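Accompanying notes for the structure given below.
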Amino acid sequence: RFQEAEDDCTKALNLDDRYIKAYSRRATARKELRKLRDSLENIEFALRLEPQNEELKKQRVDVKSLFEKVTFFTLIKPNHI
């Protein structure tokens, strides 16, 4: 399901690379697929296009927090994640 959403958003972005909602939805799909770095990159790019977007700012906080937690636990217990 999330892979399909990621693929659909990528197709939409190939047609319109300024489609903010597609970046946001692809970031959500990538978060659920645990592609956290890619998710953050999508959010950051969308924020460069639309810096005042509050939804994207909230999404960035959420994904960045999860990314930092995963990174931290990977450093402590690399064989368990």
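Letters A, B, ... go to the chains of the structure tokens in the order shown; residues in each chain start at 1; ligands are counted from 1 in the same order.
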For this session: Mind checking which residues fall within 12 Å of region 21-30 of chain A, counting only C-alpha atoms, ignoring those fewer than 5 positions away in the same chain, and posting them as a PyMOL selection string?
Result: chain A and resi 1-16+35-50+53-60+62-64+67
Problem set entry | Between CA of Leu66 (chain A) and CA of Glu32 (chain A), distance in Å (one decimal) |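 Atom-to-atom, CA of Leu66 (chain A) and CA of Glu32 (chain A) are spaced 10.9 Å apart.
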For this session: Enumerate the residues of chain A with a DSSP assignment of helix (DSSP H, G or I), computed from the backbone, and present them as a PyMOL selection string.
Result: chain A and resi 2-15+20-32+36-49+54-76
